[in-house]
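K.L.:
My structure file target-v8.cif, mmCIF, C-alpha atoms, is below:
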data_protein
#
loop_
_atom_site.label_atom_id
_atom_site.label_comp_id
_atom_site.auth_asym_id
_atom_site.auth_seq_id
_atom_site.Cartn_x
_atom_site.Cartn_y
_atom_site.Cartn_z
CA MET X 1 0.00 0.00 0.00
CA ILE X 2 2.81 2.40 0.92
CA LYS X 3 4.74 1.47 -2.22
CA LEU X 4 1.63 2.07 -4.33
CA ALA X 5 1.08 5.46 -2.65
CA PHE X 6 4.67 6.50 -3.39
CA PHE X 7 4.55 5.61 -7.08
CA ASN X 8 1.14 7.30 -7.47
CA LEU X 9 2.95 10.64 -7.01
CA PHE X 10 4.83 10.17 -10.27
CA ARG X 11 1.76 9.74 -12.45
CA ARG X 12 1.52 13.51 -12.77
CA LYS X 13 5.12 14.60 -12.25
CA THR X 14 4.63 18.30 -13.03
CA ARG X 15 1.67 18.65 -10.68
CA THR X 16 3.52 16.87 -7.87
CA ALA X 17 6.67 18.95 -8.45
CA LEU X 18 4.69 22.20 -8.13
CA ALA X 19 3.10 21.01 -4.89
CA ILE X 20 6.55 20.09 -3.51
CA PHE X 21 8.05 23.40 -4.64
CA GLY X 22 5.55 25.37 -2.56
CA ILE X 23 6.62 23.65 0.67
CA VAL X 24 10.31 23.86 -0.27
CA ILE X 25 10.04 27.67 -0.33
CA SER X 26 8.59 27.76 3.19
CA ILE X 27 11.27 25.39 4.52
CA ILE X 28 14.06 27.44 2.94
CA ALA X 29 12.65 30.58 4.61
CA LEU X 30 12.45 28.82 7.95
CA ILE X 31 15.98 27.35 7.75
CA VAL X 32 17.76 30.46 6.43
CA LEU X 33 16.08 33.07 8.64
CA ASN X 34 16.57 30.96 11.77
CA ALA X 35 20.20 30.34 10.75
CA VAL X 36 20.80 34.10 10.48
CA ALA X 37 19.11 34.67 13.86
CA ASP X 38 21.22 31.96 15.52
CA GLY X 39 24.39 33.21 13.83
CA ILE X 40 23.90 36.79 14.99
CA TYR X 41 22.93 35.70 18.50
CA GLY X 42 25.98 33.42 18.71
CA LYS X 43 28.33 36.29 17.91
CA LEU X 44 26.59 38.68 20.29
CA ASP X 45 26.57 36.07 23.05
CA LYS X 46 30.39 35.90 22.97
CA VAL X 47 30.62 39.69 23.25
CA ILE X 48 28.11 39.88 26.10
CA GLY X 49 29.70 36.92 27.91
CA ALA X 50 33.04 38.74 28.09
CA PHE X 51 31.44 42.03 29.17
CA GLN X 52 31.99 42.81 32.87
CA ALA X 53 31.19 46.48 33.18
CA VAL X 54 28.36 48.99 32.82
CA VAL X 55 27.79 51.08 29.71
CA VAL X 56 26.21 54.52 30.09
CA MET X 57 24.72 56.13 26.97
CA GLU X 58 21.90 58.37 25.85
CA LYS X 59 18.54 57.26 27.20
CA GLY X 60 16.51 55.45 24.56
CA ALA X 61 19.46 54.97 22.17
CA ILE X 62 19.59 51.56 20.48
CA ASP X 63 23.38 51.36 20.61
CA GLN X 64 26.47 53.49 21.12
CA THR X 65 26.76 54.59 17.48
CA LEU X 66 23.38 56.35 17.83
CA SER X 67 24.06 57.90 21.24
CA LYS X 68 25.23 61.40 22.20
CA ILE X 69 25.67 62.49 25.82
CA ASP X 70 27.58 65.28 27.60
CA VAL X 71 31.21 64.44 28.29
CA ASP X 72 30.92 66.25 31.66
CA LEU X 73 28.70 63.43 32.94
CA GLY X 74 31.84 61.29 33.25
CA SER X 75 33.06 63.12 36.37
CA LYS X 76 29.57 62.78 37.85
CA ILE X 77 29.60 59.02 37.28
CA GLU X 78 33.11 58.67 38.78
CA ARG X 79 31.82 59.96 42.12
CA ILE X 80 29.19 57.21 42.39
CA SER X 81 29.93 54.54 44.97
CA GLY X 82 31.18 51.26 43.44
CA VAL X 83 32.62 52.86 40.29
CA ARG X 84 36.34 52.29 39.70
CA THR X 85 37.11 53.80 36.27
CA VAL X 86 35.08 55.75 33.69
CA VAL X 87 36.24 55.75 30.08
CA PRO X 88 34.68 58.22 27.58
CA GLU X 89 34.03 56.66 24.14
CA ILE X 90 33.08 57.74 20.64
CA TRP X 91 31.65 55.05 18.36
CA GLY X 92 31.03 55.43 14.64
CA ILE X 93 30.77 53.59 11.33
CA PRO X 94 33.16 54.95 8.68
CA GLN X 95 31.98 55.97 5.25
CA THR X 96 35.17 54.71 3.60
CA VAL X 97 38.06 52.43 4.54
CA ASP X 98 41.14 52.72 2.30
CA ASN X 99 38.98 54.88 0.00
CA LYS X 100 36.47 52.02 -0.43
CA PRO X 101 32.84 52.53 0.69
CA LEU X 102 31.12 50.14 3.07
CA GLN X 103 30.04 47.09 1.08
CA PHE X 104 26.91 44.98 1.47
CA SER X 105 29.03 42.03 2.61
CA GLN X 106 30.33 44.15 5.52
CA VAL X 107 26.90 45.11 6.90
CA ALA X 108 26.66 42.11 9.24
CA SER X 109 30.17 42.72 10.69
CA PRO X 110 31.01 46.32 9.72
CA VAL X 111 34.24 48.17 10.35
CA ILE X 112 33.67 50.26 13.47
CA ILE X 113 35.53 53.34 14.68
CA TYR X 114 36.20 53.23 18.41
CA GLY X 115 37.56 56.50 19.77
CA VAL X 116 38.64 56.20 23.38
CA ASP X 117 40.26 58.33 26.06
CA ILE X 118 43.57 56.45 26.07
CA ALA X 119 44.71 57.72 29.49
CA ALA X 120 41.46 56.53 31.11
CA TYR X 121 41.48 53.27 29.16
CA ARG X 122 44.96 52.34 30.37
CA LYS X 123 43.68 52.52 33.96
CA LEU X 124 41.31 49.57 33.37
CA ARG X 125 42.07 46.28 35.07
CA GLY X 126 40.40 44.37 32.24
CA SER X 127 40.77 44.74 28.49
CA GLY X 128 37.37 46.39 27.93
CA TRP X 129 36.15 46.06 24.37
CA ILE X 130 39.69 45.48 23.14
CA GLY X 131 41.15 41.99 23.33
CA LYS X 132 44.74 41.08 24.02
CA ILE X 133 47.39 42.73 21.88
CA ALA X 134 48.65 39.99 19.54
CA LYS X 135 51.19 42.10 17.65
CA GLY X 136 52.68 45.54 18.28
CA GLU X 137 51.70 47.76 21.20
CA MET X 138 48.73 49.41 22.85
CA LEU X 139 48.22 53.11 22.14
CA SER X 140 49.62 55.71 24.53
CA SER X 141 48.13 59.12 25.38
CA ASN X 142 50.24 61.04 22.84
CA ASP X 143 49.70 58.67 19.89
CA LYS X 144 47.84 61.05 17.58
CA GLY X 145 47.41 59.58 14.13
CA TYR X 146 48.00 56.02 15.34
CA VAL X 147 45.48 53.18 15.67
CA ILE X 148 45.26 49.57 16.71
CA ILE X 149 42.95 47.24 14.78
CA GLY X 150 41.26 43.87 15.28
CA LYS X 151 42.83 40.73 13.86
CA THR X 152 39.79 40.02 11.66
CA LEU X 153 40.16 43.42 9.97
CA ALA X 154 43.92 42.98 9.67
CA ASP X 155 43.49 39.59 7.99
CA ASN X 156 40.73 40.75 5.66
CA MET X 157 42.59 43.87 4.54
CA HIS X 158 46.12 42.40 4.69
CA LYS X 159 47.31 44.93 7.26
CA PHE X 160 50.27 44.60 9.61
CA VAL X 161 51.98 46.61 12.34
CA GLY X 162 53.48 49.70 10.73
CA SER X 163 51.20 49.75 7.68
CA VAL X 164 48.77 52.57 6.90
CA ILE X 165 44.98 52.44 6.95
CA LYS X 166 42.80 55.27 5.65
CA ILE X 167 39.56 55.97 7.54
CA ASN X 168 37.22 58.51 5.95
CA GLY X 169 40.14 59.70 3.83
CA LYS X 170 42.56 60.30 6.74
CA LYS X 171 45.71 58.19 7.07
CA PHE X 172 46.50 56.36 10.32
CA ARG X 173 49.56 54.29 11.18
CA ILE X 174 48.81 50.87 12.70
CA LYS X 175 50.61 50.48 16.04
CA GLY X 176 49.11 47.18 17.13
CA ILE X 177 46.75 44.32 16.28
CA PHE X 178 44.50 42.83 18.94
CA LYS X 179 42.70 39.49 19.05
CA THR X 180 39.16 38.87 20.32
CA GLU X 181 36.86 35.85 20.55
CA SER X 182 34.10 37.53 18.55
CA GLU X 183 34.24 38.63 14.90
CA LEU X 184 31.97 41.56 15.84
CA LEU X 185 34.86 43.09 17.80
CA GLY X 186 37.51 41.94 15.34
CA ASN X 187 36.64 44.73 12.88
CA ILE X 188 37.20 47.61 15.31
CA VAL X 189 39.65 50.44 14.62
CA VAL X 190 40.75 51.88 17.96
CA MET X 191 42.09 55.44 18.01
CA PRO X 192 42.46 58.40 20.41
CA ILE X 193 39.09 59.97 21.10
CA GLU X 194 39.97 63.34 19.56
CA ASP X 195 41.01 61.69 16.29
CA ALA X 196 37.69 59.86 16.24
CA ARG X 197 35.85 63.12 16.92
CA LYS X 198 37.51 64.80 13.92
CA ILE X 199 36.97 62.07 11.31
CA THR X 200 33.35 61.36 12.37
CA GLY X 201 32.36 65.00 12.87
CA PHE X 202 31.23 64.23 16.41
CA PRO X 203 30.10 67.36 18.32
CA GLU X 204 32.46 68.99 20.81
CA GLY X 205 31.53 68.36 24.43
CA LYS X 206 29.72 65.14 23.53
CA VAL X 207 30.64 61.45 23.58
CA SER X 208 28.78 58.33 22.53
CA SER X 209 29.01 56.54 25.86
CA PHE X 210 31.02 55.79 28.97
CA TYR X 211 32.58 52.41 29.71
CA VAL X 212 32.28 52.09 33.50
CA GLU X 213 34.51 49.55 35.22
CA LEU X 214 33.30 48.53 38.67
CA ILE X 215 35.16 47.79 41.88
CA ASN X 216 33.08 44.61 42.21
CA PRO X 217 31.72 43.35 38.82
CA THR X 218 29.10 41.19 40.56
CA GLU X 219 27.33 44.37 41.71
CA ASP X 220 26.69 45.56 38.14
CA ARG X 221 22.89 45.58 38.45
CA ILE X 222 22.99 47.48 41.76
CA ILE X 223 25.38 50.12 40.47
CA ALA X 224 23.49 50.44 37.17
CA LYS X 225 20.32 51.22 39.14
CA ARG X 226 22.30 53.71 41.23
CA ILE X 227 23.61 55.44 38.08
CA ASN X 228 20.14 55.54 36.51
CA TYR X 229 18.70 57.08 39.68
CA ILE X 230 21.38 59.79 39.80
CA MET X 231 21.44 60.49 36.04
CA GLY X 232 17.65 60.65 35.69
CA SER X 233 16.77 61.54 32.10
CA GLU X 234 20.35 62.55 31.22
CA ALA X 235 21.62 59.03 30.51
CA GLU X 236 20.93 55.34 30.97
CA ALA X 237 23.17 52.56 32.33
CA SER X 238 23.03 49.01 30.96
CA THR X 239 24.59 45.77 32.18
CA ALA X 240 25.50 42.56 30.34
CA SER X 241 22.18 41.08 31.50
CA ASP X 242 20.30 44.06 30.05
CA PHE X 243 22.05 43.67 26.69
CA SER X 244 21.38 39.94 26.71
CA GLU X 245 17.66 40.42 27.44
CA THR X 246 17.37 43.09 24.74
CA PHE X 247 19.07 40.98 22.08
CA THR X 248 17.11 37.89 23.11
CA GLU X 249 13.89 39.85 22.66
CA ILE X 250 15.01 41.14 19.23
CA ILE X 251 16.05 37.66 18.09
CA GLY X 252 12.75 36.26 19.39
CA LYS X 253 10.81 38.75 17.27
CA PHE X 254 13.00 37.90 14.27
CA ARG X 255 12.14 34.22 14.76
CA MET X 256 8.45 35.08 14.87
CA VAL X 257 8.79 36.92 11.56
CA ALA X 258 10.57 33.88 10.10
CA LEU X 259 7.79 31.60 11.31
CA ALA X 260 5.09 33.94 9.96
CA ILE X 261 6.75 33.96 6.51
CA ALA X 262 7.07 30.17 6.58
CA VAL X 263 3.44 29.72 7.67
CA MET X 264 2.16 32.00 4.88
CA ALA X 265 4.25 30.13 2.31
CA ALA X 266 3.11 26.80 3.79
CA PHE X 267 -0.54 27.86 3.57
CA VAL X 268 -0.16 28.53 -0.15
CA ALA X 269 1.70 25.21 -0.49
CA ALA X 270 -1.06 23.38 1.39
CA ILE X 271 -3.62 24.71 -1.08
CA GLY X 272 -1.43 23.37 -3.87
CA ILE X 273 -1.22 19.92 -2.24
CA LEU X 274 -4.96 19.92 -1.63
CA ASN X 275 -5.61 20.73 -5.28
CA THR X 276 -3.08 18.10 -6.44
CA MET X 277 -4.62 15.35 -4.31
CA LEU X 278 -8.19 16.21 -5.30
CA MET X 279 -7.24 16.15 -8.98
CA ASN X 280 -5.50 12.81 -8.49
CA ILE X 281 -8.59 11.35 -6.84
CA MET X 282 -10.90 12.61 -9.57
CA GLU X 283 -8.68 10.98 -12.20
CA ARG X 284 -8.61 7.69 -10.25
CA TYR X 285 -12.29 7.21 -9.44
CA LYS X 286 -12.44 3.84 -11.22
CA GLU X 287 -9.18 2.66 -9.68
CA ILE X 288 -10.32 3.55 -6.16
CA GLY X 289 -13.71 1.91 -6.83
CA THR X 290 -11.95 -1.26 -8.01
CA LEU X 291 -9.76 -1.33 -4.91
CA LYS X 292 -12.82 -1.02 -2.65
CA ALA X 293 -14.64 -3.71 -4.63
CA ALA X 294 -11.56 -5.95 -4.18
CA GLY X 295 -11.87 -5.64 -0.42
CA TRP X 296 -10.07 -2.44 0.52
CA THR X 297 -11.80 -0.65 3.38
CA SER X 298 -12.46 3.07 3.60
CA TRP X 299 -9.62 3.25 6.12
CA ASN X 300 -7.27 1.58 3.63
CA ILE X 301 -8.15 4.17 0.96
CA MET X 302 -7.82 7.02 3.42
CA PHE X 303 -4.41 5.75 4.59
CA MET X 304 -3.16 5.43 1.00
CA VAL X 305 -4.11 9.01 0.12
CA LEU X 306 -2.63 10.33 3.38
CA CYS X 307 0.58 8.48 2.56
CA GLU X 308 0.70 10.22 -0.82
CA SER X 309 0.32 13.69 0.72
CA SER X 310 2.80 12.78 3.48
CA PHE X 311 5.37 11.74 0.88
CA ILE X 312 4.99 15.18 -0.72
CA GLY X 313 5.74 16.75 2.66
CA ILE X 314 8.72 14.44 3.26
CA LEU X 315 10.24 15.05 -0.17
CA ALA X 316 9.66 18.81 0.17
CA GLY X 317 11.18 18.77 3.66
CA PHE X 318 14.32 16.99 2.45
CA LEU X 319 14.76 19.28 -0.59
CA GLY X 320 13.99 22.40 1.46
CA ILE X 321 16.54 21.50 4.16
CA VAL X 322 19.28 20.76 1.61
CA SER X 323 18.52 24.01 -0.25
CA GLY X 324 18.34 25.99 3.00
CA LEU X 325 21.73 24.63 4.15
CA LEU X 326 23.33 25.54 0.83
CA ILE X 327 21.87 29.06 0.93
CA ALA X 328 23.00 29.51 4.56
CA ILE X 329 26.54 28.51 3.55
CA LEU X 330 26.39 30.88 0.57
CA ILE X 331 25.27 33.94 2.55
CA SER X 332 27.89 33.27 5.21
CA GLN X 333 30.49 33.82 2.49
CA PHE X 334 29.19 37.40 2.20
CA GLY X 335 29.88 38.13 5.87
CA ILE X 336 26.32 37.45 7.12
CA PRO X 337 26.53 35.14 10.15
CA ALA X 338 24.49 31.95 9.65
CA LEU X 339 24.40 29.01 12.04
CA VAL X 340 22.11 26.07 11.27
CA LYS X 341 21.33 24.16 14.45
CA PRO X 342 20.18 20.49 14.40
CA GLU X 343 16.94 21.40 16.17
CA SER X 344 16.13 23.90 13.40
CA VAL X 345 16.55 21.16 10.81
CA ILE X 346 14.33 18.77 12.76
CA GLN X 347 11.67 21.44 13.27
CA ALA X 348 11.71 22.31 9.56
CA PHE X 349 11.31 18.67 8.55
CA LEU X 350 8.43 18.09 10.99
CA PHE X 351 6.84 21.31 9.75
CA ALA X 352 6.95 20.07 6.13
CA PHE X 353 5.62 16.64 7.12
CA LEU X 354 2.76 18.19 9.11
CA VAL X 355 1.78 20.45 6.19
CA GLY X 356 1.67 17.40 3.92
CA VAL X 357 -0.51 15.41 6.33
CA LEU X 358 -2.95 18.24 7.06
CA ALA X 359 -3.31 19.14 3.38
CA GLY X 360 -4.16 15.52 2.60
CA LEU X 361 -6.86 15.02 5.23
CA TYR X 362 -9.81 16.28 3.18
CA PRO X 363 -8.83 14.52 -0.08
CA ALA X 364 -8.28 11.29 1.90
CA TRP X 365 -11.68 11.56 3.58
CA ARG X 366 -13.36 12.30 0.25
CA ALA X 367 -11.67 9.33 -1.44
CA SER X 368 -12.71 7.02 1.40
CA ARG X 369 -16.35 8.06 0.94
CA LEU X 370 -16.54 6.97 -2.71
CA ASN X 371 -19.16 4.38 -3.55
CA PRO X 372 -17.33 1.51 -5.35
CA VAL X 373 -20.17 0.81 -7.79
CA GLU X 374 -20.55 4.47 -8.80
CA ALA X 375 -16.78 4.93 -8.97
CA ILE X 376 -16.33 1.92 -11.29
CA ARG X 377 -19.05 3.27 -13.56
CA GLY X 378 -17.09 6.53 -13.66
CA ALA X 379 -19.76 8.53 -11.83
#
Have the structure of the file written as structure tokens, please.
P.N.:
Amino acid sequence: MIKLAFFNLFRRKTRTALAIFGIVISIIALIVLNAVADGIYGKLDKVIGAFQAVVVMEKGAIDQTLSKIDVDLGSKIERISGVRTVVPEIWGIPQTVDNKPLQFSQVASPVIIYGVDIAAYRKLRGSGWIGKIAKGEMLSSNDKGYVIIGKTLADNMHKFVGSVIKINGKKFRIKGIFKTESELLGNIVVMPIEDARKITGFPEGKVSSFYVELINPTEDRIIAKRINYIMGSEAEASTASDFSETFTEIIGKFRMVALAIAVMAAFVAAIGILNTMLMNIMERYKEIGTLKAAGWTSWNIMFMVLCESSFIGILAGFLGIVSGLLIAILISQFGIPALVKPESVIQAFLFAFLVGVLAGLYPAWRASRLNPVEAIRGA
């Protein structure tokens, strides 16, 4: 019976292929969008996991590159109990690097300008946003026109200690190369804060944020609340937990969008399967009538038709997963993080199988209700 159901699909190859194609599209959407969500979250999780400080930026700002706060707030934050060191920062995304504009492939992991008060930064016990210096040296307070860059950027642009990099048309000499666990931080260009202010056009008296190192890192939530109380509407402090919750919420919404797209595509595909199965039944009235006259029960007929629609879902699930994996690999070559987890593959396959089964329920019930005598007559 199962063998018969499988070969029935190939009687009308074009019709079956179109029904399969509809589900394949929904599975590809589910696999690829979830892969991008998992890839981005994986990179951010490494950054957040290594973060042991409090960041203070403009209230309501999404991230540091969109924040502007008064530089004078730094001295106010330093006087708060539990604060060890406050480092003013300017963050920005360059328009050009070595006279080349930002490319589409760099959007997921863009080159980032990180202007920092070097004197304050060198007081940190930890490494802050900058990893360990792999080659060369860390910047000193009087290093105007010098930068250190992440290893990812150095590898991608074939840079080395002593070479020149042009940011927004201005030349900088590379003094060091640092290494981090996350690619998101590997594309940073670190420079003195005044250099960053000039090449980004950042307003005088303003900074993007403050990196606040704590005396006791385990008290980050307590001190963040203390800073928020004192700052009021002037600024907002965030901890690693806050960043994690925010990104988890964003990724969760992204997953919901991916599921909604897949469901809409699956609904269209289900209509296609329904139409395919109904047409198949209409063309096989006499065959189904003969099978029932030969002793097949209504349950046997229903099971056969359900097997046919299930096979469509299974084939579509397999093809959709393979196509989704290939597309995820392809987009990762363009710098877009994509991580396909085993559970995503299993969920996608079950989703395709379920669509096939549900779409075949009505045609199976209708086929099981055929009167054998009328069906044989071709009624």
K.L.:
Just the residues within 9 Å of region 311-325 of chain X, please, counting only C-alpha atoms, with nothing from its chain fewer than 2 positions along; format it as a PDB file with C-alpha atoms, in the coordinates of the input.
P.N.:
ATOM      1  CA  ALA X   5       1.080   5.460  -2.650  1.00  0.00           C
ATOM      2  CA  PHE X   6       4.670   6.500  -3.390  1.00  0.00           C
ATOM      3  CA  LEU X   9       2.950  10.640  -7.010  1.00  0.00           C
ATOM      4  CA  THR X  16       3.520  16.870  -7.870  1.00  0.00           C
ATOM      5  CA  ALA X  17       6.670  18.950  -8.450  1.00  0.00           C
ATOM      6  CA  ALA X  19       3.100  21.010  -4.890  1.00  0.00           C
ATOM      7  CA  ILE X  20       6.550  20.090  -3.510  1.00  0.00           C
ATOM      8  CA  PHE X  21       8.050  23.400  -4.640  1.00  0.00           C
ATOM      9  CA  GLY X  22       5.550  25.370  -2.560  1.00  0.00           C
ATOM     10  CA  ILE X  23       6.620  23.650   0.670  1.00  0.00           C
ATOM     11  CA  VAL X  24      10.310  23.860  -0.270  1.00  0.00           C
ATOM     12  CA  ILE X  25      10.040  27.670  -0.330  1.00  0.00           C
ATOM     13  CA  SER X  26       8.590  27.760   3.190  1.00  0.00           C
ATOM     14  CA  ILE X  27      11.270  25.390   4.520  1.00  0.00           C
ATOM     15  CA  ILE X  28      14.060  27.440   2.940  1.00  0.00           C
ATOM     16  CA  ALA X  29      12.650  30.580   4.610  1.00  0.00           C
ATOM     17  CA  LEU X  30      12.450  28.820   7.950  1.00  0.00           C
ATOM     18  CA  ILE X  31      15.980  27.350   7.750  1.00  0.00           C
ATOM     19  CA  VAL X  32      17.760  30.460   6.430  1.00  0.00           C
ATOM     20  CA  ALA X  35      20.200  30.340  10.750  1.00  0.00           C
ATOM     21  CA  ILE X 273      -1.220  19.920  -2.240  1.00  0.00           C
ATOM     22  CA  LEU X 306      -2.630  10.330   3.380  1.00  0.00           C
ATOM     23  CA  CYS X 307       0.580   8.480   2.560  1.00  0.00           C
ATOM     24  CA  GLU X 308       0.700  10.220  -0.820  1.00  0.00           C
ATOM     25  CA  SER X 309       0.320  13.690   0.720  1.00  0.00           C
ATOM     26  CA  ILE X 327      21.870  29.060   0.930  1.00  0.00           C
ATOM     27  CA  ALA X 328      23.000  29.510   4.560  1.00  0.00           C
ATOM     28  CA  ILE X 329      26.540  28.510   3.550  1.00  0.00           C
ATOM     29  CA  LEU X 330      26.390  30.880   0.570  1.00  0.00           C
ATOM     30  CA  VAL X 340      22.110  26.070  11.270  1.00  0.00           C
ATOM     31  CA  VAL X 345      16.550  21.160  10.810  1.00  0.00           C
ATOM     32  CA  ALA X 348      11.710  22.310   9.560  1.00  0.00           C
ATOM     33  CA  PHE X 349      11.310  18.670   8.550  1.00  0.00           C
ATOM     34  CA  LEU X 350       8.430  18.090  10.990  1.00  0.00           C
ATOM     35  CA  PHE X 351       6.840  21.310   9.750  1.00  0.00           C
ATOM     36  CA  ALA X 352       6.950  20.070   6.130  1.00  0.00           C
ATOM     37  CA  PHE X 353       5.620  16.640   7.120  1.00  0.00           C
ATOM     38  CA  LEU X 354       2.760  18.190   9.110  1.00  0.00           C
ATOM     39  CA  VAL X 355       1.780  20.450   6.190  1.00  0.00           C
ATOM     40  CA  GLY X 356       1.670  17.400   3.920  1.00  0.00           C
ATOM     41  CA  VAL X 357      -0.510  15.410   6.330  1.00  0.00           C
TER      42      VAL X 357
END
K.L.:
Quick one: distance from CA of Gly205 (chain X) to CA of Val190 (chain X) in Å, one decimal?
P.N.:
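Computing it gives 20.0 Å between the two atoms.
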K.L.:
Could you expand the PyMOL selection byres ((chain X and resi 135) around 12) into the explicit residues it covers here, written as a PyMOL selection string?
P.N.:
chain X and resi 131-134+136-138+148-151+154+159-162+174-179
K.L.:
What is the distance, in Å and to one decimal place, between CA of Glu204 (chain X) and CA of Lys68 (chain X)?
P.N.:
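Between CA of Glu204 (chain X) and CA of Lys68 (chain X) the gap works out to 10.6 Å.
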K.L.:
Given the file shown, determine the residues that the PyMOL selection byres ((chain X and resi 121) around 12) selects; report them as a ChimeraX atom specification.
P.N.:
/X:84-89,114-120,122-130,138-141,190-193,210-213
K.L.:
Go ahead and compute the interatomic distance for CA of Gly82 (chain X) and CA of Ile223 (chain X), in Å to one decimal.
P.N.:
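Distance reported for this atom pair: 6.6 Å.
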K.L.:
What residues come out when you apply the PyMOL selection byres ((chain X and resi 77) around 9) to this file, written as JSON, numbers by chain?
P.N.:
{"X": [73, 74, 75, 76, 78, 79, 80, 81, 83, 86, 212, 227, 230, 231]}
K.L.:
X:Leu358, X:Met157, X:Ile301, X:Ala270: which is nearest Leu18 (chain X), counting only C-alpha atoms?
P.N.:
X:Ala270
K.L.:
Please enclose the listed atoms of region 354-359 of chain X in an axis-aligned box, pad each side by 8 Å, and write out the centre and the three edge lengths in Å, rounded to one decimal, as lines of an AutoDock Vina configuration file.
P.N.:
center_x = -0.3
center_y = 17.9
center_z = 6.2
size_x = 22.1
size_y = 21.0
size_z = 21.7
